[in-house]
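Text of upload08.cif, listed as mmCIF, C-alpha atoms:
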data_entry
loop_
_atom_site.label_atom_id
_atom_site.label_comp_id
_atom_site.auth_asym_id
_atom_site.auth_seq_id
_atom_site.Cartn_x
_atom_site.Cartn_y
_atom_site.Cartn_z
CA MET A 1 0.39 -8.10 4.06
CA SER A 2 4.17 -7.95 4.52
CA ASP A 3 4.62 -8.07 0.75
CA ILE A 4 2.28 -5.10 0.34
CA LYS A 5 4.27 -3.17 2.94
CA LYS A 6 7.50 -3.89 1.08
CA LYS A 7 6.01 -2.78 -2.22
CA LEU A 8 4.60 0.37 -0.67
CA GLU A 9 7.97 1.24 0.86
CA GLU A 10 9.58 0.69 -2.53
CA TRP A 11 7.08 2.90 -4.32
CA MET A 12 7.34 5.67 -1.74
CA VAL A 13 11.12 5.82 -2.20
CA ARG A 14 10.78 5.73 -5.99
CA VAL A 15 8.25 8.57 -5.96
CA SER A 16 10.53 10.61 -3.73
CA PHE A 17 13.35 10.05 -6.20
CA ALA A 18 11.13 11.09 -9.10
CA GLU A 19 10.18 14.31 -7.35
CA ALA A 20 13.88 14.96 -6.72
CA ASP A 21 14.78 14.26 -10.38
CA ALA A 22 16.43 10.95 -9.48
CA THR A 23 15.32 7.68 -11.03
CA ASP A 24 14.47 4.02 -10.93
CA ALA A 25 12.64 1.88 -13.53
CA GLY A 26 9.88 4.00 -15.00
CA PHE A 27 11.23 7.34 -13.81
CA GLN A 28 13.44 9.53 -15.97
CA ILE A 29 16.57 11.32 -14.79
CA THR A 30 16.33 15.01 -15.59
CA GLY A 31 19.15 16.30 -13.40
CA GLY A 32 22.69 15.32 -12.37
CA ALA A 33 23.98 12.01 -11.10
CA ALA A 34 22.41 10.57 -7.95
CA ASP A 35 24.49 10.77 -4.77
CA ARG A 36 25.79 7.73 -2.85
CA LYS A 37 22.75 7.53 -0.56
CA THR A 38 20.38 7.54 -3.52
CA LYS A 39 22.38 4.85 -5.29
CA LEU A 40 22.36 2.62 -2.20
CA ALA A 41 18.60 3.05 -1.85
CA LEU A 42 18.09 2.19 -5.53
CA ASP A 43 20.21 -0.94 -5.11
CA ARG A 44 18.02 -1.99 -2.18
CA ILE A 45 14.88 -1.41 -4.27
CA ARG A 46 16.22 -3.55 -7.09
CA MET A 47 17.19 -6.29 -4.63
CA VAL A 48 13.70 -6.31 -3.05
CA ARG A 49 12.06 -6.40 -6.46
CA SER A 50 14.29 -9.26 -7.64
CA GLU A 51 13.58 -11.29 -4.51
CA ARG A 52 9.85 -10.71 -4.84
CA GLU A 53 9.78 -11.67 -8.52
CA ALA A 54 11.95 -14.74 -7.96
CA GLY A 55 9.76 -15.99 -5.12
CA GLY A 56 6.39 -15.00 -6.54
CA PRO A 57 3.61 -17.53 -7.13
CA ALA A 58 3.30 -19.24 -10.47
CA PRO A 59 0.78 -17.54 -12.77
CA PRO A 60 -2.57 -19.27 -13.33
CA PRO A 61 -3.02 -21.19 -16.57
CA SER A 62 -4.60 -19.42 -19.51
CA PRO A 63 -8.39 -19.92 -19.68
CA GLY A 64 -9.26 -22.97 -21.72
CA ALA A 65 -5.68 -24.22 -21.91
CA HIS A 66 -5.21 -27.97 -21.45
CA ALA A 67 -2.11 -30.11 -21.63
CA GLY A 68 -1.70 -31.62 -25.10
CA ALA A 69 -4.57 -29.57 -26.55
CA GLY A 70 -2.30 -27.60 -28.89
CA VAL A 71 -2.97 -24.31 -27.10
CA PRO A 72 0.11 -22.02 -26.92
CA SER A 73 1.50 -21.57 -23.43
CA ALA A 74 1.65 -18.18 -21.75
CA ALA A 75 5.32 -17.91 -22.68
CA GLU A 76 4.63 -18.67 -26.36
CA ARG A 77 1.67 -16.46 -27.23
CA ALA A 78 1.90 -12.73 -27.90
CA LEU A 79 1.23 -10.42 -24.95
CA SER A 80 -2.00 -8.41 -25.32
CA VAL A 81 -1.86 -4.75 -24.25
CA LEU A 82 -4.67 -2.22 -23.87
CA LEU A 83 -3.43 1.38 -23.95
CA LEU A 84 -5.75 4.13 -22.69
CA ASP A 85 -4.81 7.81 -22.93
CA ASP A 86 -7.10 10.70 -23.82
CA GLU A 87 -4.33 12.28 -25.90
CA PRO A 88 -4.45 10.52 -29.34
CA ILE A 89 -0.79 11.28 -30.02
CA VAL A 90 0.23 8.99 -27.15
CA GLY A 91 -1.31 5.92 -28.75
CA LYS A 92 -0.05 6.87 -32.22
CA ARG A 93 3.48 7.24 -30.89
CA LEU A 94 3.58 4.16 -28.66
CA LYS A 95 1.59 1.55 -30.58
CA PRO A 96 4.13 1.02 -33.42
CA ALA A 97 7.02 0.72 -30.95
CA LEU A 98 5.16 -1.79 -28.77
CA GLU A 99 4.00 -3.85 -31.76
CA LYS A 100 7.56 -3.93 -33.07
CA ALA A 101 8.53 -5.49 -29.73
CA GLY A 102 6.00 -8.27 -30.36
CA PHE A 103 3.05 -7.06 -28.27
CA VAL A 104 -0.52 -7.01 -29.60
CA VAL A 105 -1.78 -3.50 -28.85
CA GLU A 106 -5.20 -1.84 -28.89
CA CYS A 107 -5.41 1.91 -28.21
CA PHE A 108 -8.29 3.92 -26.79
CA THR A 109 -8.77 7.62 -26.04
CA ARG A 110 -12.10 7.32 -24.19
CA PRO A 111 -12.41 5.35 -20.95
CA ALA A 112 -15.95 4.27 -21.87
CA ASP A 113 -14.69 2.62 -25.06
CA ALA A 114 -11.93 0.83 -23.16
CA VAL A 115 -14.42 -0.42 -20.57
CA ALA A 116 -16.67 -1.73 -23.35
CA ARG A 117 -13.73 -3.53 -24.95
CA LEU A 118 -12.91 -5.22 -21.65
CA GLU A 119 -16.37 -6.75 -21.74
CA ASP A 120 -15.32 -8.60 -24.91
CA ARG A 121 -11.88 -9.82 -23.92
CA GLU A 122 -9.29 -9.89 -21.16
CA PHE A 123 -5.92 -8.23 -21.74
CA ASP A 124 -2.64 -9.29 -20.20
CA VAL A 125 -1.55 -5.70 -19.55
CA VAL A 126 -3.47 -2.43 -19.30
CA VAL A 127 -1.60 0.86 -19.55
CA THR A 128 -3.74 3.82 -18.54
CA ASP A 129 -3.25 7.54 -18.04
CA LEU A 130 -4.04 8.78 -14.54
CA ARG A 131 -5.90 12.00 -15.35
CA MET A 132 -8.74 11.72 -17.86
CA GLU A 133 -12.22 13.16 -18.19
CA GLY A 134 -15.18 11.00 -17.21
CA MET A 135 -13.12 8.29 -15.49
CA ASP A 136 -9.64 8.71 -14.07
CA GLY A 137 -6.91 6.09 -14.05
CA ILE A 138 -7.62 4.95 -10.49
CA GLN A 139 -11.29 4.36 -11.31
CA PHE A 140 -10.29 2.46 -14.45
CA LEU A 141 -7.83 0.42 -12.38
CA GLU A 142 -10.66 -0.49 -9.99
CA HIS A 143 -12.82 -1.61 -12.92
CA VAL A 144 -10.04 -3.76 -14.38
CA MET A 145 -9.26 -5.39 -11.03
CA ALA A 146 -12.93 -6.13 -10.44
CA HIS A 147 -13.29 -7.96 -13.75
CA CYS A 148 -9.79 -9.13 -14.73
CA ARG A 149 -7.79 -10.00 -11.63
CA ARG A 150 -4.94 -11.52 -13.65
CA THR A 151 -4.37 -8.36 -15.71
CA ARG A 152 -1.37 -6.21 -14.84
CA VAL A 153 -2.22 -2.50 -14.73
CA ILE A 154 0.42 0.18 -15.31
CA LEU A 155 -0.45 3.81 -14.62
CA ILE A 156 0.95 6.71 -16.64
CA THR A 157 1.21 9.85 -14.55
CA GLY A 158 2.77 13.27 -14.55
CA TYR A 159 1.72 13.63 -10.90
CA ALA A 160 3.78 11.00 -9.08
CA THR A 161 3.11 11.38 -5.36
CA VAL A 162 3.26 9.06 -2.38
CA GLU A 163 -0.52 9.30 -2.03
CA VAL A 164 -1.07 8.21 -5.64
CA ALA A 165 1.42 5.36 -5.24
CA ARG A 166 -0.23 4.14 -2.05
CA GLU A 167 -3.76 4.25 -3.49
CA ALA A 168 -2.74 2.59 -6.75
CA LEU A 169 -0.82 -0.16 -4.97
CA VAL A 170 -3.60 -0.97 -2.53
CA LYS A 171 -6.07 -1.16 -5.42
CA GLY A 172 -3.94 -3.59 -7.38
CA ALA A 173 -1.67 -1.59 -9.73
CA PHE A 174 1.41 -3.45 -10.94
CA ASP A 175 3.57 -0.37 -11.55
CA PHE A 176 3.47 3.16 -12.85
CA ILE A 177 5.60 5.26 -15.15
CA SER A 178 6.18 8.98 -14.89
CA LYS A 179 5.79 11.46 -17.75
CA PRO A 180 7.72 12.31 -19.80
CA PHE A 181 8.98 8.89 -20.84
CA LYS A 182 10.32 7.21 -23.94
CA ALA A 183 8.82 4.18 -25.67
CA HIS A 184 11.69 1.91 -24.57
CA GLU A 185 11.04 2.84 -20.92
CA LEU A 186 7.40 1.78 -21.20
CA LYS A 187 8.46 -1.41 -22.99
CA ALA A 188 10.74 -2.22 -20.04
CA VAL A 189 7.87 -1.86 -17.54
CA ILE A 190 5.51 -3.91 -19.73
CA ASN A 191 8.22 -6.54 -20.04
CA LYS A 192 8.36 -6.84 -16.24
CA ALA A 193 4.60 -7.36 -16.26
CA ALA A 194 4.96 -9.99 -18.99
CA LEU A 195 7.54 -11.92 -16.99
CA SER A 196 5.32 -11.82 -13.91
CA LEU A 197 2.59 -13.50 -15.98
CA GLY A 198 4.87 -16.28 -17.17
CA HIS A 199 5.59 -14.82 -20.60
CA LYS A 200 9.11 -15.06 -21.97
CA GLY A 201 9.22 -11.27 -22.37
CA ILE A 202 11.26 -9.46 -24.99
CA GLY A 203 14.75 -10.26 -23.73
#

Take the structure in this file and express it as structure tokens.
Amino acid sequence: MSDIKKKLEEWMVRVSFAEADATDAGFQITGGAADRKTKLALDRIRMVRSEREAGGPAPPPSPGAHAGAGVPSAAERALSVLLLDDEPIVGKRLKPALEKAGFVVECFTRPADAVARLEDREFDVVVTDLRMEGMDGIQFLEHVMAHCRRTRVILITGYATVEVAREALVKGAFDFISKPFKAHELKAVINKAALSLGHKGIG
């Protein structure tokens, strides 16, 4: 419970910075340089995150993996990513950049199709837009967490609020990234998720 409180405090500060045009990982600076107070708060956030990641539990072994069976370890195999956004241009723009980084990416524009795909396989990371027709990102997050507890879910949102952060965190989201963002910013967040799963990441 204390860990959840720490993460919630971190997210609340980050959202406040995003709304004020300041930044931390996943949020883009659109204004001038942050003042001293903001910088100190960001340093504290990074320290809390580093401590949490350093002391986190070891990830569970991959299904079916056995010592000496010739199955690649989590660190060796490519990270699988499901990207869901109802704007086709998002997938077309991001997929090549993520694949170039070494991730295996599947893109979907309809939540129903993404849900059906999750019935066939489990992904390491799911990146989903928050606002979509038929099923929003929070509902999709709930579905993923109900069926794939090991999967890390990253929310894409242009509506970063404390309420959204709190709900997403409580329901199991790993992180979220605020629009507009660049491909390298999303890669950085996915890389954090990869490291948390025991993958070697992309350096």

Within 12 Å of region 133-135 of chain A, counting all atoms listed in the file, which residues show up once you throw out same-chain ones fewer than 2 positions away? Write them as a list in words, please. Leu84, Asp85, Asp86, Glu87, Thr109, Arg110, Pro111, Ala112, Asp113, Ala114, Val115, Thr128, Asp129, Leu130, Arg131, Gly137, Ile138, Gln139, Phe140, Leu141, Glu142 and His143 of chain A

CA of Leu195 (chain A) and CA of Glu163 (chain A) are how many Å apart?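 Straight-line distance from CA of Leu195 (chain A) to CA of Glu163 (chain A) works out to 27.2 Å.
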
Starting from the displayed file, determine the output of the PyMOL selection byres ((chain A and resi 93) around 12) and express the residue list as a VMD selection string. chain A and resid 83 85 87 to 92 94 to 99 107 181 to 184 186

Which residues come within 6 Å of Leu82 (chain A), counting only C-alpha atoms, excluding same-chain residues fewer than 4 positions away, as a PDB file with C-alpha atoms, keeping the file's coordinate frame?
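Output (result05.pdb):
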ATOM      1  CA  VAL A 105      -1.780  -3.500 -28.850  1.00  0.00           C
ATOM      2  CA  GLU A 106      -5.200  -1.840 -28.890  1.00  0.00           C
ATOM      3  CA  VAL A 126      -3.470  -2.430 -19.300  1.00  0.00           C
TER       4      VAL A 126
END

Need the shell around Lys171 (chain A): protein/DNA/RNA residues with any atom at most 12 Å away, counting only C-alpha atoms. Skip same-chain ones fewer than 3 positions apart. Format as a short mmCIF file (atom, residue, chain, number, x, y, z; two decimals) with C-alpha atoms, in the coordinates of the input?
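Dumped to around.cif:
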data_model
loop_
_atom_site.label_atom_id
_atom_site.label_comp_id
_atom_site.auth_asym_id
_atom_site.auth_seq_id
_atom_site.Cartn_x
_atom_site.Cartn_y
_atom_site.Cartn_z
CA ILE A 4 2.28 -5.10 0.34
CA LEU A 8 4.60 0.37 -0.67
CA GLY A 137 -6.91 6.09 -14.05
CA ILE A 138 -7.62 4.95 -10.49
CA GLN A 139 -11.29 4.36 -11.31
CA PHE A 140 -10.29 2.46 -14.45
CA LEU A 141 -7.83 0.42 -12.38
CA GLU A 142 -10.66 -0.49 -9.99
CA HIS A 143 -12.82 -1.61 -12.92
CA VAL A 144 -10.04 -3.76 -14.38
CA MET A 145 -9.26 -5.39 -11.03
CA ALA A 146 -12.93 -6.13 -10.44
CA ARG A 149 -7.79 -10.00 -11.63
CA ARG A 152 -1.37 -6.21 -14.84
CA VAL A 153 -2.22 -2.50 -14.73
CA ILE A 154 0.42 0.18 -15.31
CA LEU A 155 -0.45 3.81 -14.62
CA VAL A 164 -1.07 8.21 -5.64
CA ALA A 165 1.42 5.36 -5.24
CA ARG A 166 -0.23 4.14 -2.05
CA GLU A 167 -3.76 4.25 -3.49
CA ALA A 168 -2.74 2.59 -6.75
CA PHE A 174 1.41 -3.45 -10.94
CA ASP A 175 3.57 -0.37 -11.55
#

Computed interatomic separation between CA of Cys148 (chain A) and CA of Phe123 (chain A) (Å):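 Computed distance, CA of Cys148 (chain A) to CA of Phe123 (chain A), equals 8.1 Å.
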
State, in Å with one decimal place, the distance from CA of Arg77 (chain A) to CA of Phe103 (chain A).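 Separating CA of Arg77 (chain A) from CA of Phe103 (chain A) is a distance of 9.6 Å.
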
Of the listed residues A:Ala101, A:Val162, A:Val81, A:Val189, that which approaches Glu122 (chain A) most closely, counting only C-alpha atoms: A:Val81

Surrounding residues of Asp124 (chain A) excluding itself and chain neighbours under 5 positions, 8 Å, only C-alpha atoms, as number ranges by chain: A: 79-81, 150-152, 194, 197

Fill-in result for region 172-196 of chain A, N, CA and C atoms as a compact mmCIF listing (two decimals), keeping the file's coordinate frame:
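This went into rebuild_29.txt:
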# COMPACT_ATOMS: atom_id res chain seq x y z
N GLY A 172 -4.36 -2.51 -6.48
CA GLY A 172 -3.94 -3.59 -7.38
C GLY A 172 -3.04 -3.22 -8.54
N ALA A 173 -2.54 -1.97 -8.61
CA ALA A 173 -1.67 -1.59 -9.73
C ALA A 173 -0.37 -2.38 -9.69
N PHE A 174 0.14 -2.73 -10.85
CA PHE A 174 1.41 -3.45 -10.94
C PHE A 174 2.59 -2.48 -10.85
N ASP A 175 2.47 -1.34 -11.52
CA ASP A 175 3.57 -0.37 -11.55
C ASP A 175 3.02 0.93 -12.13
N PHE A 176 3.84 1.97 -12.10
CA PHE A 176 3.47 3.16 -12.85
C PHE A 176 4.71 3.84 -13.39
N ILE A 177 4.50 4.61 -14.46
CA ILE A 177 5.60 5.26 -15.15
C ILE A 177 5.32 6.75 -15.24
N SER A 178 6.35 7.54 -14.99
CA SER A 178 6.18 8.98 -14.89
C SER A 178 6.43 9.67 -16.22
N LYS A 179 5.57 10.63 -16.58
CA LYS A 179 5.79 11.46 -17.75
C LYS A 179 6.86 12.50 -17.44
N PRO A 180 7.65 12.88 -18.45
CA PRO A 180 7.72 12.31 -19.80
C PRO A 180 8.54 11.03 -19.82
N PHE A 181 8.22 10.13 -20.74
CA PHE A 181 8.98 8.89 -20.84
C PHE A 181 9.13 8.55 -22.31
N LYS A 182 10.08 7.66 -22.58
CA LYS A 182 10.32 7.21 -23.94
C LYS A 182 9.71 5.82 -24.12
N ALA A 183 9.48 5.46 -25.37
CA ALA A 183 8.82 4.18 -25.67
C ALA A 183 9.59 3.00 -25.06
N HIS A 184 10.92 3.05 -25.09
CA HIS A 184 11.69 1.91 -24.57
C HIS A 184 11.54 1.79 -23.06
N GLU A 185 11.26 2.90 -22.37
CA GLU A 185 11.04 2.84 -20.92
C GLU A 185 9.72 2.15 -20.61
N LEU A 186 8.68 2.45 -21.40
CA LEU A 186 7.40 1.78 -21.20
C LEU A 186 7.53 0.30 -21.55
N LYS A 187 8.27 -0.01 -22.61
CA LYS A 187 8.46 -1.41 -22.99
C LYS A 187 9.12 -2.19 -21.85
N ALA A 188 10.05 -1.55 -21.15
CA ALA A 188 10.74 -2.22 -20.04
C ALA A 188 9.77 -2.55 -18.91
N VAL A 189 8.85 -1.63 -18.60
CA VAL A 189 7.87 -1.86 -17.54
C VAL A 189 6.88 -2.94 -17.97
N ILE A 190 6.42 -2.88 -19.22
CA ILE A 190 5.51 -3.91 -19.73
C ILE A 190 6.19 -5.27 -19.73
N ASN A 191 7.48 -5.28 -20.04
CA ASN A 191 8.22 -6.54 -20.04
C ASN A 191 8.25 -7.16 -18.65
N LYS A 192 8.41 -6.33 -17.62
CA LYS A 192 8.36 -6.84 -16.24
C LYS A 192 7.00 -7.48 -15.97
N ALA A 193 5.94 -6.82 -16.45
CA ALA A 193 4.60 -7.36 -16.26
C ALA A 193 4.45 -8.68 -16.99
N ALA A 194 5.02 -8.75 -18.21
CA ALA A 194 4.96 -9.99 -18.99
C ALA A 194 5.63 -11.14 -18.25
N LEU A 195 6.80 -10.89 -17.72
CA LEU A 195 7.54 -11.92 -16.99
C LEU A 195 6.78 -12.39 -15.76
N SER A 196 6.09 -11.46 -15.11
CA SER A 196 5.32 -11.82 -13.91
C SER A 196 4.13 -12.72 -14.25
